[in-house]
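*Asks:* Input structure-v8.tsv, format and content: TSV, C-alpha atoms.
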```tsv
chain	number	residue	atom	x	y	z
X	2	MET	CA	-11.44	15.80	-6.10
X	3	SER	CA	-10.37	12.17	-6.54
X	4	SER	CA	-7.34	11.26	-8.62
X	5	ILE	CA	-9.58	9.74	-11.30
X	6	GLU	CA	-11.61	12.94	-11.62
X	7	ARG	CA	-8.47	15.00	-12.21
X	8	PHE	CA	-7.81	12.87	-15.25
X	9	SER	CA	-11.42	12.40	-16.30
X	10	GLU	CA	-10.95	13.50	-19.92
X	11	PRO	CA	-7.91	11.35	-20.80
X	12	THR	CA	-9.55	8.51	-18.85
X	13	LEU	CA	-12.71	8.74	-20.93
X	14	PHE	CA	-10.77	9.08	-24.19
X	15	ILE	CA	-8.67	6.01	-23.37
X	16	LEU	CA	-11.69	3.93	-22.33
X	17	ILE	CA	-13.63	4.96	-25.45
X	18	SER	CA	-10.63	4.11	-27.60
X	19	LEU	CA	-10.27	0.67	-26.00
X	20	ALA	CA	-14.04	0.05	-26.18
X	21	GLU	CA	-13.56	-0.21	-29.93
X	22	SER	CA	-10.52	-2.53	-29.90
X	23	ASN	CA	-7.42	-3.43	-27.93
X	24	LYS	CA	-4.58	-0.96	-28.50
X	25	HIS	CA	-1.11	-0.15	-27.22
X	26	GLY	CA	-0.23	3.27	-25.78
X	27	TYR	CA	0.94	4.91	-29.00
X	28	ALA	CA	-2.11	3.63	-30.92
X	29	ILE	CA	-4.39	5.05	-28.20
X	30	MET	CA	-2.59	8.39	-28.55
X	31	GLU	CA	-3.04	8.41	-32.33
X	32	ASP	CA	-6.70	7.38	-32.04
X	33	ILE	CA	-7.40	10.24	-29.62
X	34	GLU	CA	-5.66	12.74	-31.91
X	35	ILE	CA	-7.63	11.58	-34.98
X	36	SER	CA	-11.00	11.20	-33.23
X	37	TYR	CA	-11.08	14.42	-31.22
X	38	ASN	CA	-8.47	16.53	-33.01
X	39	ILE	CA	-6.61	17.15	-29.76
X	40	LYS	CA	-3.05	16.31	-28.80
X	41	ILE	CA	-2.52	14.37	-25.61
X	42	GLY	CA	1.01	14.40	-24.18
X	43	PRO	CA	2.79	11.12	-23.43
X	44	GLY	CA	3.03	12.10	-19.75
X	45	THR	CA	-0.71	12.70	-19.48
X	46	LEU	CA	-1.46	9.52	-21.45
X	47	TYR	CA	0.67	7.24	-19.29
X	48	GLY	CA	-0.38	9.07	-16.11
X	49	ALA	CA	-3.99	8.20	-16.97
X	50	ILE	CA	-3.11	4.66	-18.12
X	51	SER	CA	-1.29	3.87	-14.86
X	52	ARG	CA	-4.21	5.22	-12.80
X	53	ILE	CA	-6.98	3.38	-14.62
X	54	GLU	CA	-4.89	0.22	-14.70
X	55	LYS	CA	-4.62	0.43	-10.90
X	56	LEU	CA	-8.40	0.86	-10.76
X	57	LYS	CA	-8.68	-2.27	-12.95
X	58	PHE	CA	-10.62	-0.40	-15.65
X	59	ILE	CA	-8.07	-1.60	-18.19
X	60	GLU	CA	-5.51	-4.40	-18.21
X	61	SER	CA	-2.43	-5.11	-20.29
X	62	ILE	CA	-2.45	-8.17	-22.50
X	63	PRO	CA	0.72	-10.27	-22.09
X	64	SER	CA	2.96	-9.65	-25.08
X	65	LYS	CA	6.61	-10.17	-26.02
X	66	ASP	CA	6.48	-6.92	-27.98
X	67	ARG	CA	7.67	-3.81	-26.12
X	68	ARG	CA	4.36	-2.20	-27.12
X	69	LYS	CA	1.96	-3.70	-24.61
X	70	PRO	CA	-1.64	-3.76	-25.82
X	71	TYR	CA	-4.39	-2.87	-23.37
X	72	GLN	CA	-7.97	-4.07	-23.15
X	73	ILE	CA	-10.95	-2.62	-21.33
X	74	THR	CA	-12.27	-4.70	-18.41
X	75	PRO	CA	-15.96	-5.23	-17.47
X	76	GLU	CA	-15.43	-2.71	-14.62
X	77	GLY	CA	-14.04	-0.24	-17.17
X	78	ARG	CA	-17.06	-0.73	-19.45
X	79	GLU	CA	-19.41	-0.18	-16.53
X	80	TYR	CA	-17.58	3.02	-15.51
X	81	LEU	CA	-17.58	4.29	-19.09
X	82	GLN	CA	-21.32	3.62	-19.50
X	83	GLU	CA	-22.06	5.42	-16.25
X	84	LYS	CA	-19.96	8.47	-17.23
X	85	LEU	CA	-21.46	8.63	-20.75
X	86	ARG	CA	-24.99	8.48	-19.31
X	87	GLU	CA	-24.13	11.35	-16.94
X	88	MET	CA	-22.73	13.36	-19.86
X	89	ASP	CA	-25.79	12.53	-21.94
X	90	ASN	CA	-28.10	13.82	-19.18
X	91	VAL	CA	-26.09	17.05	-18.88
X	92	THR	CA	-26.03	17.51	-22.69
X	93	SER	CA	-29.78	16.88	-23.04
X	94	LEU	CA	-30.59	19.34	-20.25
X	95	GLY	CA	-28.25	21.93	-21.77
X	96	PHE	CA	-29.80	21.65	-25.25
X	97	LYS	CA	-33.31	21.71	-23.74
X	98	ARG	CA	-32.65	24.89	-21.79
X	99	LEU	CA	-31.11	26.49	-24.87
X	100	GLY	CA	-34.37	25.67	-26.64
X	101	MET	CA	-32.58	23.55	-29.19
X	102	ILE	CA	-34.62	20.40	-28.57
O	16	MET	CA	14.70	12.59	-25.32
O	17	LYS	CA	15.01	9.19	-23.65
O	18	TRP	CA	16.50	10.83	-20.57
O	19	VAL	CA	13.05	12.09	-19.50
O	20	ILE	CA	12.16	8.53	-18.46
O	21	HIS	CA	14.55	8.98	-15.51
O	22	LEU	CA	12.25	11.66	-14.13
O	23	TYR	CA	9.83	8.86	-13.22
O	24	PRO	CA	10.22	6.68	-10.09
O	25	LYS	CA	11.96	3.30	-10.48
O	26	LYS	CA	8.79	1.31	-9.78
O	27	TRP	CA	6.95	3.18	-12.55
O	28	ARG	CA	9.86	2.70	-14.98
O	29	GLU	CA	9.94	-1.05	-14.32
O	30	ARG	CA	6.32	-1.24	-15.45
O	31	TYR	CA	6.06	1.31	-18.28
O	32	GLU	CA	9.62	2.09	-19.45
O	33	ASP	CA	9.60	-0.02	-22.66
O	34	GLU	CA	6.27	1.19	-24.00
O	35	PHE	CA	6.87	4.78	-22.89
O	36	LEU	CA	10.24	4.83	-24.68
O	37	TYR	CA	8.52	3.44	-27.77
O	38	VAL	CA	6.16	6.45	-27.73
O	39	LEU	CA	9.11	8.83	-27.26
O	40	GLU	CA	10.94	7.21	-30.21
O	41	LYS	CA	7.90	7.55	-32.47
O	42	ARG	CA	7.27	11.17	-31.59
O	43	LYS	CA	9.41	14.27	-31.52
O	44	LEU	CA	8.44	15.95	-28.28
O	45	SER	CA	7.48	19.62	-28.34
O	46	PHE	CA	8.40	21.89	-25.42
O	47	LYS	CA	4.81	21.65	-24.19
O	48	GLU	CA	5.03	17.85	-24.21
O	49	ILE	CA	8.33	17.88	-22.29
O	50	ILE	CA	6.61	20.00	-19.63
O	51	ASP	CA	3.70	17.52	-19.72
O	52	VAL	CA	6.11	14.61	-19.09
O	53	PHE	CA	7.90	16.56	-16.33
O	54	VAL	CA	4.64	17.43	-14.52
O	55	ASN	CA	3.31	13.87	-14.77
O	56	ALA	CA	6.66	12.41	-13.65
O	57	MET	CA	6.54	14.59	-10.53
O	58	ASP	CA	2.95	13.46	-9.98
O	59	ALA	CA	4.04	9.81	-10.30
O	60	ARG	CA	6.87	10.44	-7.81
O	61	LEU	CA	4.46	12.04	-5.35
O	62	LEU	CA	2.00	9.16	-5.69
O	63	ASN	CA	4.85	6.70	-5.24
O	64	LEU	CA	5.92	8.51	-2.06
O	65	VAL	CA	2.36	8.42	-0.69
O	66	GLU	CA	2.18	4.67	-1.45
O	67	VAL	CA	5.51	4.08	0.35
O	68	ILE	CA	4.28	6.04	3.40
O	69	ILE	CA	0.99	4.09	3.49
O	70	SER	CA	2.86	0.79	3.07
O	71	MET	CA	5.28	1.71	5.90
O	72	GLY	CA	2.33	2.64	8.13
O	73	ASN	CA	0.70	-0.74	7.45
O	74	LYS	CA	3.98	-2.57	8.16
O	75	ILE	CA	4.42	-0.75	11.48
O	76	SER	CA	0.81	-1.63	12.43
O	77	ASP	CA	1.44	-5.29	11.50
O	78	ILE	CA	4.62	-5.40	13.60
O	79	MET	CA	2.78	-3.86	16.55
O	80	LEU	CA	-0.08	-6.35	16.24
O	81	LYS	CA	2.33	-9.28	15.93
O	82	SER	CA	4.26	-8.01	18.93
O	83	VAL	CA	1.10	-7.75	21.05
O	84	PHE	CA	0.05	-11.23	19.86
O	85	LYS	CA	3.43	-12.77	20.75
O	86	ARG	CA	3.43	-11.16	24.19
O	87	SER	CA	-0.13	-12.36	24.81
O	88	LEU	CA	0.94	-15.89	23.87
O	89	ILE	CA	3.94	-15.80	26.26
O	90	ILE	CA	1.97	-14.27	29.15
O	91	GLY	CA	-1.00	-16.60	28.52
O	92	SER	CA	1.29	-19.65	28.52
O	93	ILE	CA	2.94	-18.56	31.78
O	94	VAL	CA	-0.45	-17.97	33.47
O	95	LEU	CA	-1.76	-21.35	32.25
O	96	PHE	CA	1.42	-23.11	33.42
O	97	GLY	CA	1.14	-21.37	36.82
O	98	VAL	CA	-2.52	-22.37	37.29
O	99	ILE	CA	-1.87	-26.03	36.36
O	100	SER	CA	1.28	-26.20	38.52
O	101	GLY	CA	-0.50	-24.54	41.45
O	102	TYR	CA	-3.35	-27.01	41.22
O	103	TRP	CA	-0.90	-29.94	40.97
O	104	VAL	CA	1.18	-28.71	43.96
O	105	GLY	CA	-1.99	-27.97	45.97
O	106	GLU	CA	-3.29	-31.50	45.43
O	107	ARG	CA	-0.06	-33.16	46.58
O	108	THR	CA	1.20	-31.03	49.51
O	109	PRO	CA	-0.05	-31.40	53.07
O	110	SER	CA	-2.03	-28.66	54.81
O	111	PHE	CA	-0.03	-25.63	56.07
O	112	PHE	CA	-0.78	-26.54	59.71
O	113	GLU	CA	0.66	-30.01	59.18
O	114	LEU	CA	4.05	-28.63	58.08
O	115	SER	CA	7.00	-28.49	60.47
O	116	PRO	CA	8.47	-25.01	61.32
O	117	LYS	CA	11.69	-25.98	59.48
O	118	MET	CA	9.76	-26.80	56.26
O	119	ILE	CA	7.77	-23.52	56.53
O	120	LEU	CA	11.09	-21.61	56.78
O	121	ILE	CA	12.50	-23.39	53.69
O	122	ILE	CA	9.30	-22.71	51.70
O	123	GLY	CA	9.32	-19.06	52.83
O	124	VAL	CA	12.92	-18.55	51.70
O	125	GLY	CA	12.21	-20.34	48.40
O	126	LEU	CA	9.14	-18.18	47.76
O	127	GLY	CA	11.10	-15.02	48.62
O	128	VAL	CA	13.89	-15.93	46.17
O	129	PHE	CA	11.33	-16.74	43.45
O	130	VAL	CA	9.35	-13.51	43.95
O	131	GLY	CA	12.61	-11.52	43.91
O	132	TYR	CA	13.69	-13.22	40.68
O	133	VAL	CA	10.32	-12.55	38.99
O	134	ALA	CA	10.34	-8.91	40.16
O	135	GLY	CA	13.88	-8.49	38.76
O	136	VAL	CA	12.93	-9.99	35.38
O	137	VAL	CA	9.76	-7.86	35.15
O	138	ARG	CA	11.74	-4.72	36.04
O	139	GLY	CA	14.30	-5.56	33.34
O	140	ILE	CA	11.59	-6.12	30.73
O	141	MET	CA	9.88	-2.85	31.69
O	142	ARG	CA	13.18	-0.96	31.28
O	143	VAL	CA	13.70	-2.47	27.80
O	144	ILE	CA	10.11	-1.59	26.81
O	145	LYS	CA	10.58	1.97	28.14
O	146	VAL	CA	13.72	2.47	26.03
O	147	THR	CA	12.22	0.97	22.86
O	148	GLN	CA	9.08	3.06	23.24
O	149	LYS	CA	11.20	6.18	22.88
O	150	GLU	CA	13.60	5.14	20.15
O	151	ASP	CA	14.17	2.34	17.66
O	152	VAL	CA	17.05	0.01	18.37
O	153	PHE	CA	18.87	-1.16	15.27
O	154	LEU	CA	21.28	-4.04	14.84
O	155	PRO	CA	24.42	-3.50	12.72
O	156	THR	CA	22.50	-5.30	9.96
O	157	GLY	CA	19.97	-2.47	10.08
O	158	LYS	CA	17.12	-4.63	11.39
O	159	LEU	CA	14.82	-3.45	14.14
O	160	LYS	CA	15.76	-5.32	17.28
O	161	PHE	CA	12.74	-4.48	19.43
O	162	ASP	CA	9.20	-3.62	18.44
O	163	LYS	CA	7.65	-0.46	19.78
O	164	ILE	CA	4.50	-0.86	21.85
O	165	GLU	CA	3.31	2.63	21.04
O	166	ARG	CA	4.05	4.94	18.16
```
For this file, produce the structure as structure tokens.
*Replies:*
Amino acid sequence: MSSIERFSEPTLFILISLAESNKHGYAIMEDIEISYNIKIGPGTLYGAISRIEKLKFIESIPSKDRRKPYQITPEGREYLQEKLREMDNVTSLGFKRLGMI
Amino acid sequence: MKWVIHLYPKKWRERYEDEFLYVLEKRKLSFKEIIDVFVNAMDARLLNLVEVIISMGNKISDIMLKSVFKRSLIIGSIVLFGVISGYWVGERTPSFFELSPKMILIIGVGLGVFVGYVAGVVRGIMRVIKVTQKEDVFLPTGKLKFDKIER
């Protein structure tokens, strides 16, 4: 299992959050809590941020503020689209086999 | 709760300390979140260690390659110098049969001294290489004095 897969959920949540607008770490955390009604620890959040920043899926925007905003990169968008398509395929198949669609 | 930042490696703190502390200031950490920070800090330390090991491995490979390159340059230069000198000497010296016995004796002694000198230098170099292949030699400054040929 690759390091990105271990953190797939926080990674997706962060990328989805940044797909809407640029945000700093605490704002991402709040957005995830409001959108999915789950709490994400600061350790997990920054663990995921540091990994996806290394993978160049997100990048920090230079700022004098101690809260550094992040933005999603084209590579990050591509990765997010690919993952969402995969999830969509799995969801569709699941619903189909349950006879719900 | 700011102390938890010190669980992370220095390199990580240099990059994320300010924003991470901002999150810690804005949020009262629960026990579960302290555990979360602890686990992720250990993960960051482990990753940092792996990166250091990989970086050291790359540096050692670079040093070895540079060492081989330098030695090739020195040996190549000596061989080239020898070939050019040999050709130059061969063009200007009379045939062996035209030399007087006295001159042949002088050349023989000269050649013997030269071969002995080269053999001595080569033996010395081989001894140094043999020692440095087994263990690193450090200067008082802590720098590696000789490069290893093999790991």
*Asks:* Please find the residues of chain O near chain X - the criterion being any atom within 8 Å, counting all atoms listed in the file - and write them as a list in words.
*Replies:* Asp33, Glu34, Phe35, Tyr37, Val38, Leu39, Glu48, Asp51, Val52, Phe53, Val54, Asn55, Ala56 and Ala59 of chain O
*Asks:* Would you compute the distance between CA of Lys25 (chain O) and CA of Ile68 (chain O)? Give it in Å to one decimal.
*Replies:*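 The value is 16.1 Å.
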*Asks:* Separation of CA of Glu76 (chain X) and CA of Lys57 (chain X), in Å?
*Replies:* 7.0 Å
*Asks:* Could you jot down the CA of Leu13 (chain X) to CA of Thr92 (chain X) separation for me, Å, one decimal place?
*Replies:*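 Spanning CA of Leu13 (chain X) to CA of Thr92 (chain X) is a straight-line distance of 16.0 Å.
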